[in-house]
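Peer 1: Please find work_29.txt (compact mmCIF, C-alpha atoms) on the next line:
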```txt
# COMPACT_ATOMS: atom_id res chain seq x y z
CA MET A 1 -40.31 27.72 51.10
CA ASN A 2 -44.06 27.84 51.57
CA THR A 3 -44.46 28.99 47.99
CA VAL A 4 -42.51 25.97 46.74
CA ASN A 5 -44.62 23.59 48.79
CA GLN A 6 -47.78 25.17 47.47
CA VAL A 7 -46.59 24.72 43.89
CA LEU A 8 -45.63 21.07 44.46
CA ASN A 9 -48.88 20.28 46.25
CA ASN A 10 -50.98 21.87 43.53
CA PRO A 11 -51.94 19.10 41.08
CA ILE A 12 -52.63 21.63 38.34
CA ASN A 13 -48.97 22.70 38.24
CA LEU A 14 -47.82 19.07 37.99
CA GLN A 15 -49.59 18.49 34.70
CA VAL A 16 -47.22 17.77 31.78
CA SER A 17 -47.75 19.41 28.44
CA ASP A 18 -49.10 17.18 25.69
CA ARG A 19 -46.05 17.99 23.58
CA LEU A 20 -43.73 16.81 26.37
CA SER A 21 -45.72 13.82 27.57
CA LYS A 22 -44.59 10.34 26.57
CA ASN A 23 -45.97 9.33 23.21
CA PHE A 24 -45.64 5.68 22.19
CA THR A 25 -45.46 6.40 18.44
CA ARG A 26 -42.81 9.08 18.83
CA HIS A 27 -40.84 6.95 21.26
CA PHE A 28 -40.90 4.01 18.84
CA LYS A 29 -39.75 6.19 15.93
CA GLU A 30 -36.87 7.56 17.98
CA ARG A 31 -35.75 4.08 18.94
CA VAL A 32 -35.88 2.96 15.30
CA ILE A 33 -33.81 5.96 14.25
CA GLU A 34 -31.26 5.26 16.99
CA PHE A 35 -31.06 1.62 15.88
CA VAL A 36 -30.52 2.57 12.23
CA LEU A 37 -27.81 5.06 13.20
CA MET A 38 -26.13 2.44 15.36
CA LEU A 39 -26.14 -0.04 12.45
CA ALA A 40 -24.62 2.60 10.20
CA ALA A 41 -21.87 3.27 12.75
CA LEU A 42 -21.17 -0.43 13.30
CA SER A 43 -21.12 -1.25 9.58
CA ALA A 44 -17.64 0.24 9.25
CA VAL A 45 -16.45 -1.83 12.22
CA PHE A 46 -17.95 -5.04 10.84
CA THR A 47 -16.50 -4.36 7.39
CA THR A 48 -13.02 -3.82 8.84
CA LEU A 49 -13.26 -6.99 10.93
CA ALA A 50 -14.46 -8.94 7.89
CA ILE A 51 -11.53 -7.72 5.80
CA VAL A 52 -9.06 -8.62 8.53
CA GLY A 53 -10.70 -12.02 8.99
CA ILE A 54 -10.51 -12.85 5.27
CA LEU A 55 -6.87 -11.78 5.08
CA LEU A 56 -5.93 -13.85 8.13
CA TYR A 57 -7.89 -16.91 6.96
CA GLU A 58 -6.41 -16.96 3.45
CA SER A 59 -2.95 -16.04 4.69
CA TYR A 60 -3.03 -18.97 7.10
CA GLY A 61 -3.27 -21.38 4.17
CA PHE A 62 -0.36 -19.62 2.50
CA PHE A 63 1.88 -19.76 5.57
CA GLU A 64 1.16 -23.46 5.96
CA ASN A 65 3.25 -23.96 2.82
CA VAL A 66 5.67 -21.03 3.01
CA ALA A 67 7.79 -20.36 6.09
CA LEU A 68 7.26 -16.95 7.66
CA LYS A 69 11.02 -16.45 7.89
CA ASP A 70 11.46 -17.03 4.15
CA PHE A 71 8.53 -14.75 3.41
CA LEU A 72 10.04 -11.89 5.40
CA THR A 73 13.73 -12.34 4.55
CA ASP A 74 13.95 -13.83 1.07
CA THR A 75 15.01 -11.29 -1.57
CA VAL A 76 13.33 -12.99 -4.55
CA TRP A 77 9.63 -12.85 -5.41
CA THR A 78 8.82 -15.26 -8.27
CA PRO A 79 5.39 -16.83 -7.57
CA LEU A 80 4.72 -17.33 -11.29
CA PHE A 81 7.92 -19.28 -12.00
CA GLU A 82 8.28 -23.04 -12.15
CA ASN A 83 10.26 -22.94 -8.90
CA PRO A 84 8.42 -20.18 -7.04
CA ARG A 85 9.95 -18.13 -4.26
CA TYR A 86 7.95 -15.88 -2.00
CA GLY A 87 10.19 -13.19 -0.54
CA ILE A 88 8.11 -10.08 0.09
CA LEU A 89 11.09 -7.69 0.32
CA PRO A 90 11.17 -6.76 -3.42
CA LEU A 91 7.51 -5.72 -3.30
CA VAL A 92 8.02 -3.79 -0.05
CA SER A 93 11.05 -1.95 -1.46
CA GLY A 94 9.11 -0.92 -4.56
CA THR A 95 6.17 0.26 -2.48
CA LEU A 96 8.35 2.28 -0.10
CA THR A 97 10.43 3.81 -2.89
CA ILE A 98 7.43 5.09 -4.84
CA THR A 99 5.85 6.32 -1.61
CA GLY A 100 9.07 8.15 -0.71
CA VAL A 101 9.24 9.87 -4.09
CA ALA A 102 5.56 10.83 -3.77
CA LEU A 103 6.10 12.35 -0.34
CA LEU A 104 9.07 14.39 -1.56
CA ILE A 105 6.66 15.99 -4.01
CA ALA A 106 3.45 16.15 -1.97
CA ILE A 107 4.58 17.24 1.50
CA PRO A 108 6.40 20.48 0.53
CA ILE A 109 3.84 21.52 -2.10
CA GLY A 110 0.85 20.50 0.02
CA THR A 111 2.13 22.25 3.14
CA ILE A 112 3.03 25.44 1.29
CA SER A 113 -0.36 25.41 -0.41
CA ALA A 114 -2.08 25.01 2.95
CA ILE A 115 -0.13 27.91 4.47
CA TYR A 116 -0.97 30.16 1.52
CA LEU A 117 -4.67 29.27 1.49
CA SER A 118 -4.97 29.66 5.26
CA GLU A 119 -2.87 32.76 5.93
CA PHE A 120 -2.32 34.74 2.73
CA ALA A 121 -5.07 34.06 0.20
CA SER A 122 -8.12 36.30 0.10
CA HIS A 123 -11.54 34.82 0.70
CA LYS A 124 -12.34 34.88 -3.02
CA VAL A 125 -9.07 33.23 -3.99
CA ARG A 126 -9.47 30.57 -1.29
CA GLU A 127 -13.02 29.74 -2.33
CA THR A 128 -11.85 29.43 -5.94
CA VAL A 129 -8.54 27.61 -5.57
CA LYS A 130 -9.46 25.05 -2.91
CA PRO A 131 -12.35 23.43 -4.84
CA ILE A 132 -10.17 23.30 -7.96
CA LEU A 133 -7.37 21.69 -5.94
CA GLU A 134 -9.77 19.15 -4.50
CA LEU A 135 -10.99 18.24 -8.00
CA LEU A 136 -7.77 16.25 -8.37
CA GLU A 137 -9.21 13.78 -5.87
CA GLY A 138 -12.01 12.93 -8.30
CA VAL A 139 -9.80 12.10 -11.30
CA PRO A 140 -9.71 8.31 -11.91
CA THR A 141 -6.37 6.83 -10.95
CA ILE A 142 -6.05 5.00 -14.26
CA VAL A 143 -5.98 8.41 -15.96
CA PHE A 144 -3.06 9.36 -13.73
CA GLY A 145 -1.40 6.08 -14.69
CA PHE A 146 -1.46 6.83 -18.41
CA PHE A 147 -0.47 10.42 -17.62
CA ALA A 148 2.64 9.06 -15.91
CA LEU A 149 3.44 6.58 -18.68
CA LEU A 150 2.75 8.73 -21.74
CA LEU A 151 3.71 12.22 -20.58
CA VAL A 152 5.80 12.28 -17.43
CA THR A 153 8.08 9.40 -18.38
CA PRO A 154 9.01 10.84 -21.83
CA LEU A 155 9.74 14.19 -20.20
CA LEU A 156 11.97 12.54 -17.62
CA GLN A 157 13.74 10.56 -20.34
CA LYS A 158 14.82 13.85 -21.91
CA ILE A 159 16.45 14.78 -18.60
CA PHE A 160 17.73 11.27 -17.83
CA PRO A 161 18.41 9.59 -21.20
CA GLY A 162 19.03 6.19 -19.64
CA LEU A 163 15.72 6.09 -17.82
CA PRO A 164 13.72 2.97 -18.80
CA THR A 165 10.11 3.19 -19.92
CA PHE A 166 8.95 1.54 -16.72
CA ASN A 167 10.50 3.11 -13.64
CA MET A 168 9.56 4.18 -10.13
CA LEU A 169 10.38 7.88 -10.52
CA SER A 170 7.54 8.74 -12.89
CA PRO A 171 4.71 7.05 -10.95
CA GLY A 172 6.18 8.39 -7.71
CA ILE A 173 5.92 11.95 -9.00
CA VAL A 174 2.37 11.41 -10.24
CA VAL A 175 1.27 9.76 -7.01
CA GLY A 176 2.73 12.78 -5.22
CA ILE A 177 0.58 15.05 -7.39
CA MET A 178 -2.43 12.88 -6.53
CA ILE A 179 -2.04 13.22 -2.78
CA ILE A 180 -1.33 16.96 -2.76
CA PRO A 181 -5.06 17.75 -2.33
CA TYR A 182 -5.30 15.43 0.70
CA ILE A 183 -2.36 17.06 2.46
CA ALA A 184 -3.25 20.62 1.45
CA SER A 185 -6.95 20.38 2.33
CA VAL A 186 -6.57 18.70 5.73
CA SER A 187 -3.61 20.88 6.71
CA GLU A 188 -5.47 24.04 5.69
CA ASP A 189 -8.47 23.02 7.79
CA ALA A 190 -6.16 22.45 10.77
CA MET A 191 -4.55 25.87 10.33
CA ARG A 192 -7.89 27.61 9.97
CA ALA A 193 -8.94 26.05 13.28
CA VAL A 194 -6.17 27.90 15.14
CA PRO A 195 -7.82 30.76 17.10
CA MET A 196 -7.46 34.22 15.63
CA SER A 197 -6.34 35.48 19.05
CA MET A 198 -3.02 33.67 18.58
CA ARG A 199 -2.44 35.46 15.30
CA GLU A 200 -3.41 38.81 16.82
CA GLY A 201 -1.06 38.24 19.74
CA SER A 202 1.75 37.49 17.30
CA TYR A 203 1.01 40.63 15.29
CA ALA A 204 0.96 42.64 18.53
CA MET A 205 4.47 41.42 19.29
CA GLY A 206 5.64 42.83 15.95
CA ALA A 207 5.76 39.60 13.93
CA THR A 208 5.06 39.64 10.20
CA ARG A 209 2.38 37.55 8.51
CA PHE A 210 5.02 35.07 7.34
CA GLN A 211 6.56 34.77 10.79
CA THR A 212 3.11 34.30 12.30
CA ALA A 213 2.21 31.63 9.77
CA VAL A 214 5.45 29.68 10.18
CA ARG A 215 6.22 30.16 13.88
CA VAL A 216 2.76 30.39 15.43
CA VAL A 217 0.02 28.92 13.25
CA THR A 218 1.92 25.96 11.85
CA PRO A 219 3.22 24.70 15.22
CA ALA A 220 -0.24 25.16 16.73
CA ALA A 221 -1.74 23.02 13.94
CA THR A 222 0.91 20.30 14.17
CA SER A 223 -1.51 17.54 15.11
CA GLY A 224 -3.75 18.24 12.13
CA ILE A 225 -0.81 18.57 9.75
CA VAL A 226 0.59 15.24 10.94
CA ALA A 227 -2.83 13.69 10.34
CA ALA A 228 -2.71 15.07 6.78
CA TYR A 229 0.73 13.55 6.23
CA ILE A 230 -0.38 10.15 7.52
CA LEU A 231 -3.44 10.28 5.28
CA GLY A 232 -1.23 11.10 2.31
CA ILE A 233 1.25 8.31 3.12
CA SER A 234 -1.54 5.76 3.45
CA ARG A 235 -3.01 6.91 0.16
CA ALA A 236 0.36 6.62 -1.57
CA ILE A 237 1.08 3.15 -0.18
CA GLY A 238 -2.31 1.87 -1.30
CA GLU A 239 -2.18 3.34 -4.82
CA THR A 240 -2.71 0.66 -7.46
CA MET A 241 -3.36 1.68 -11.05
CA VAL A 242 -0.63 4.32 -11.40
CA VAL A 243 2.12 1.97 -10.26
CA ALA A 244 0.67 -1.01 -12.14
CA ILE A 245 0.74 0.94 -15.40
CA ALA A 246 3.90 3.05 -15.12
CA ALA A 247 6.24 1.23 -12.71
CA GLY A 248 6.23 -2.19 -14.34
CA GLN A 249 5.40 -5.53 -12.78
CA GLN A 250 8.86 -7.02 -12.38
CA PRO A 251 9.76 -7.46 -8.67
CA ASN A 252 13.16 -5.95 -8.08
CA LEU A 253 14.83 -5.43 -4.72
CA THR A 254 16.07 -1.88 -5.14
CA PHE A 255 15.52 1.56 -3.72
CA ASN A 256 16.74 3.30 -6.88
CA PRO A 257 13.75 5.20 -8.35
CA MET A 258 15.43 5.13 -11.79
CA GLU A 259 14.75 1.40 -12.08
CA SER A 260 11.56 -0.54 -12.66
CA ALA A 261 9.94 -2.51 -9.86
CA ALA A 262 6.66 -3.94 -8.68
CA THR A 263 4.63 -2.91 -5.67
CA ILE A 264 2.37 -4.91 -3.42
CA THR A 265 -0.78 -3.47 -4.97
CA ALA A 266 0.50 -4.02 -8.52
CA TYR A 267 1.16 -7.69 -7.77
CA ILE A 268 -2.31 -8.12 -6.29
CA VAL A 269 -3.82 -6.66 -9.47
CA GLN A 270 -1.68 -8.91 -11.63
CA VAL A 271 -2.77 -12.11 -9.87
CA ALA A 272 -6.39 -11.02 -9.45
CA MET A 273 -6.64 -10.79 -13.26
CA GLY A 274 -6.48 -14.59 -13.46
CA ASP A 275 -2.80 -15.45 -13.89
CA LEU A 276 -3.00 -18.09 -11.14
CA PRO A 277 -5.75 -20.62 -10.39
CA HIS A 278 -8.02 -19.97 -7.45
CA GLY A 279 -6.95 -21.74 -4.27
CA SER A 280 -3.31 -22.24 -5.29
CA ILE A 281 -0.40 -21.08 -3.16
CA GLY A 282 0.32 -18.33 -5.65
CA TYR A 283 -3.26 -17.14 -5.42
CA GLN A 284 -3.13 -17.21 -1.62
CA SER A 285 0.03 -15.13 -1.76
CA ILE A 286 -2.01 -12.04 -2.67
CA PHE A 287 -3.71 -12.28 0.71
CA ALA A 288 -0.35 -12.55 2.47
CA ALA A 289 0.82 -9.51 0.52
CA GLY A 290 -2.42 -7.72 1.38
CA LEU A 291 -1.88 -8.54 5.05
CA VAL A 292 1.57 -6.94 4.90
CA LEU A 293 0.06 -3.86 3.25
CA MET A 294 -2.62 -3.64 5.94
CA LEU A 295 -0.02 -3.93 8.71
CA MET A 296 2.04 -1.16 7.11
CA THR A 297 -0.99 1.12 6.95
CA LEU A 298 -2.03 0.19 10.49
CA THR A 299 1.44 1.01 11.78
CA LEU A 300 1.34 4.40 10.09
CA ASN A 301 -2.09 5.13 11.56
CA LEU A 302 -0.89 4.19 15.05
CA ILE A 303 2.15 6.42 14.69
CA GLY A 304 -0.09 9.24 13.48
CA HIS A 305 -2.50 8.73 16.37
CA MET A 306 0.27 8.83 18.95
CA THR A 307 1.82 11.88 17.31
CA ARG A 308 -1.49 13.73 17.18
CA LYS A 309 -2.14 12.84 20.81
CA LYS A 310 1.30 14.11 21.81
CA PHE A 311 1.10 17.41 19.96
CA SER A 312 -2.64 17.99 20.22
CA GLU A 313 -3.58 21.52 21.27
CA ARG A 314 -6.87 22.39 22.95
CA TYR A 315 -8.18 25.93 22.79
```
Go ahead and render the structure in this file as C-alpha cells.

Peer 2:
Amino acid sequence: MNTVNQVLNNPINLQVSDRLSKNFTRHFKERVIEFVLMLAALSAVFTTLAIVGILLYESYGFFENVALKDFLTDTVWTPLFENPRYGILPLVSGTLTITGVALLIAIPIGTISAIYLSEFASHKVRETVKPILELLEGVPTIVFGFFALLLVTPLLQKIFPGLPTFNMLSPGIVVGIMIIPYIASVSEDAMRAVPMSMREGSYAMGATRFQTAVRVVTPAATSGIVAAYILGISRAIGETMVVAIAAGQQPNLTFNPMESAATITAYIVQVAMGDLPHGSIGYQSIFAAGLVLMLMTLTLNLIGHMTRKKFSERY
C-alpha cells in the first residue's frame, strides 16, 4: 500500500509519454477519418432511402389514377394499348415462374458444389475450382441472354418440339446457372466456418466423410446456407437482360414455363427505352412495378433474416 502511494505521489511517474500524450494534429486526423468512414457507412442507407422515396413518390401519382385493387387483382397487363389495363399479376407470375425454374437448377447444384468444395476437395482443387466458379459472376448478363436465346432454346426445342422461341424455361435455366456461384460460394464459406472439432467428433463416432458432411456440417451451417439461398432468389427475381431477351415481352398470366411471358424487370426495360412519354400513367407504372419488385425482395430478405436468426449457431 505504501509503495502504491509513493508511486502516485511521485510526479515523475505521472508523466505521460510523448507518443501517448494528446496531440491536436493527430486527434484532428482521427476525427476526419471517423467522419469519412461514417459517411461511407451512411451512403448506403441514404441511397436506399432515396430509392424507396422515388418509388413511393412516382407510384403515388400512378395509384391516383389506377385503383390499388385493380392493380393487385386484374389479370391483364396492357399499358401500351388504347384501352390500358394495369393488372400486375401477369408480370408477377412470369417473374415467379422463371425464378422457380432457376432455383430448381441452382439450389441442388450450388449446394452439392459447396459440400464438395468444403468437405471433399483438396486444397489445390478448391483454390482452382472456386475462382473459376466465381468467374461466372463477372460475365455480363446480356451475354447470358443471347446464350439462352441462341443455344439453350434450340437445344430445348429438340427435346420439346412445340417449345416457342420465346419461353420461360430457357431463361430460367440460364438464370439458374448464373446464380450457382452465389449459392455455392456463400454456402461453402458457411460450411468452412463450422469448427473442425465437430467433424472430428463425428469421425470419432464412426461416421463417414459423407455422413459427416450431410448430417453434421450442413445442419450446423444452415443459417449461412439459407442466406445463400435468399441471395440467389433475390438475384433471380431482379434479373433483367436474360429474361428481356429470351422470355419475350408479352405479359401472360401463366405458370407454365413452356410458354412465353414478361417479367417485372423486362417491362421496366421496355418502357424505359422510350415507348411511353415521360410523366404519363404508363410511364409511372414502371415505378409501381418496381415497388412491387422491391417489396418482394424485402419480404424474402426478412424471411431470410428470421430464418438465419432461428437457426443461427454460435461456436

Peer 1: Near Gly176 of chain A, within 9 Å and counting all atoms listed in the file, which residues show up once chain neighbours fewer than 4 positions away are dropped, as a PDB file with C-alpha atoms, keeping the file's coordinate frame?

Peer 2:
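Saved the output as part_21.pdb:
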```pdb
ATOM      1  CA  THR A  99       5.850   6.320  -1.610  1.00  0.00           C
ATOM      2  CA  VAL A 101       9.240   9.870  -4.090  1.00  0.00           C
ATOM      3  CA  ALA A 102       5.560  10.830  -3.770  1.00  0.00           C
ATOM      4  CA  LEU A 103       6.100  12.350  -0.340  1.00  0.00           C
ATOM      5  CA  LEU A 104       9.070  14.390  -1.560  1.00  0.00           C
ATOM      6  CA  ILE A 105       6.660  15.990  -4.010  1.00  0.00           C
ATOM      7  CA  ALA A 106       3.450  16.150  -1.970  1.00  0.00           C
ATOM      8  CA  ILE A 107       4.580  17.240   1.500  1.00  0.00           C
ATOM      9  CA  PRO A 171       4.710   7.050 -10.950  1.00  0.00           C
ATOM     10  CA  GLY A 172       6.180   8.390  -7.710  1.00  0.00           C
ATOM     11  CA  ILE A 180      -1.330  16.960  -2.760  1.00  0.00           C
ATOM     12  CA  GLY A 232      -1.230  11.100   2.310  1.00  0.00           C
ATOM     13  CA  ALA A 236       0.360   6.620  -1.570  1.00  0.00           C
TER      14      ALA A 236
END
```

Peer 1: Taking all atoms listed in the file into account, name the residue in A:Phe62, A:Tyr116, A:Phe46, A:Phe28 that is nearest to Ala288 of chain A.

Peer 2: A:Phe62

Peer 1: Hey, which bits of segment 135-188 of chain A sit within 10 Å of segment 110-113 of chain A, and for each residue what's the closest pair of atoms and how far apart in Å (one decimal), counting only C-alpha atoms, rows by chain and increasing number, as CSV?

Peer 2:
```
residue,atom,partner,partner_atom,distance
A:Gly176,CA,A:Gly110,CA,9.5
A:Ile177,CA,A:Gly110,CA,9.2
A:Ile179,CA,A:Gly110,CA,8.3
A:Ile180,CA,A:Gly110,CA,5.0
A:Pro181,CA,A:Gly110,CA,6.9
A:Tyr182,CA,A:Gly110,CA,8.0
A:Ile183,CA,A:Gly110,CA,5.3
A:Ala184,CA,A:Gly110,CA,4.3
A:Ser185,CA,A:Gly110,CA,8.1
A:Val186,CA,A:Gly110,CA,9.5
A:Ser187,CA,A:Thr111,CA,6.9
A:Glu188,CA,A:Ser113,CA,8.1
```

Peer 1: Record the distance separating atom CA of Lys69 of chain A and atom CA of Leu89 of chain A, expressed in Å with one decimal.

Peer 2: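 Taking atom CA of Lys69 of chain A as the start and atom CA of Leu89 of chain A as the end point, the length is 11.6 Å.
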
Peer 1: Which residues are close to segment 49-56 of chain A, i.e. within 12 Å by all atoms listed in the file, leaving aside same-chain residues fewer than 3 positions away? Reply as an NGL selection string.

Peer 2: :A and (42-46 or 59-63 or 284-295 or 298)

Peer 1: If we count all atoms listed in the file and set the cut-off at 8 Å, which residues sit around Ala148 of chain A, ignoring sequence neighbours fewer than 5 positions away in its own chain? Please answer as a PyMOL selection string.

Peer 2: chain A and resi 153+170-171+174+242+246

Peer 1: Between atom CA of Ala213 of chain A and atom CA of Lys130 of chain A, what is the distance, to one decimal in Å?

Peer 2: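 Interatomic distance, atom CA of Ala213 of chain A to atom CA of Lys130 of chain A: 18.4 Å.
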
Peer 1: Please indicate the distance in Å from atom CA of Val269 of chain A to atom CA of Arg85 of chain A, rounded to one decimal place.

Peer 2: 18.7 Å

Peer 1: (-8.5, 31.7, 8.2) in this file's frame - what residues fall within 10 Å of it? Use all atoms listed in the file and give the answer as a PyMOL selection string.

Peer 2: chain A and resi 115+117-123+126+188-196

Peer 1: Do a neighbour search on segment 300-306 of chain A at 10 Å with all atoms listed in the file, toss out local chain neighbours closer than 5 positions, and write the hits as a CSV table (one decimal) with C-alpha atoms, in the frame of the given file.

Peer 2:
```csv
chain,number,residue,atom,x,y,z
A,223,SER,CA,-1.5,17.5,15.1
A,224,GLY,CA,-3.8,18.2,12.1
A,226,VAL,CA,0.6,15.2,10.9
A,227,ALA,CA,-2.8,13.7,10.3
A,228,ALA,CA,-2.7,15.1,6.8
A,229,TYR,CA,0.7,13.6,6.2
A,230,ILE,CA,-0.4,10.2,7.5
A,231,LEU,CA,-3.4,10.3,5.3
A,233,ILE,CA,1.2,8.3,3.1
A,234,SER,CA,-1.5,5.8,3.4
A,294,MET,CA,-2.6,-3.6,5.9
A,295,LEU,CA,0.0,-3.9,8.7
A,311,PHE,CA,1.1,17.4,20.0
A,312,SER,CA,-2.6,18.0,20.2
```

Peer 1: Which one of A:Leu39, A:Asn83, A:Met178, A:Leu155 sits closest to Glu134 of chain A if you count all atoms listed in the file?

Peer 2: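 Of A:Leu39, A:Asn83, A:Met178, A:Leu155, the one nearest Glu134 of chain A is A:Met178, counting all atoms listed in the file.
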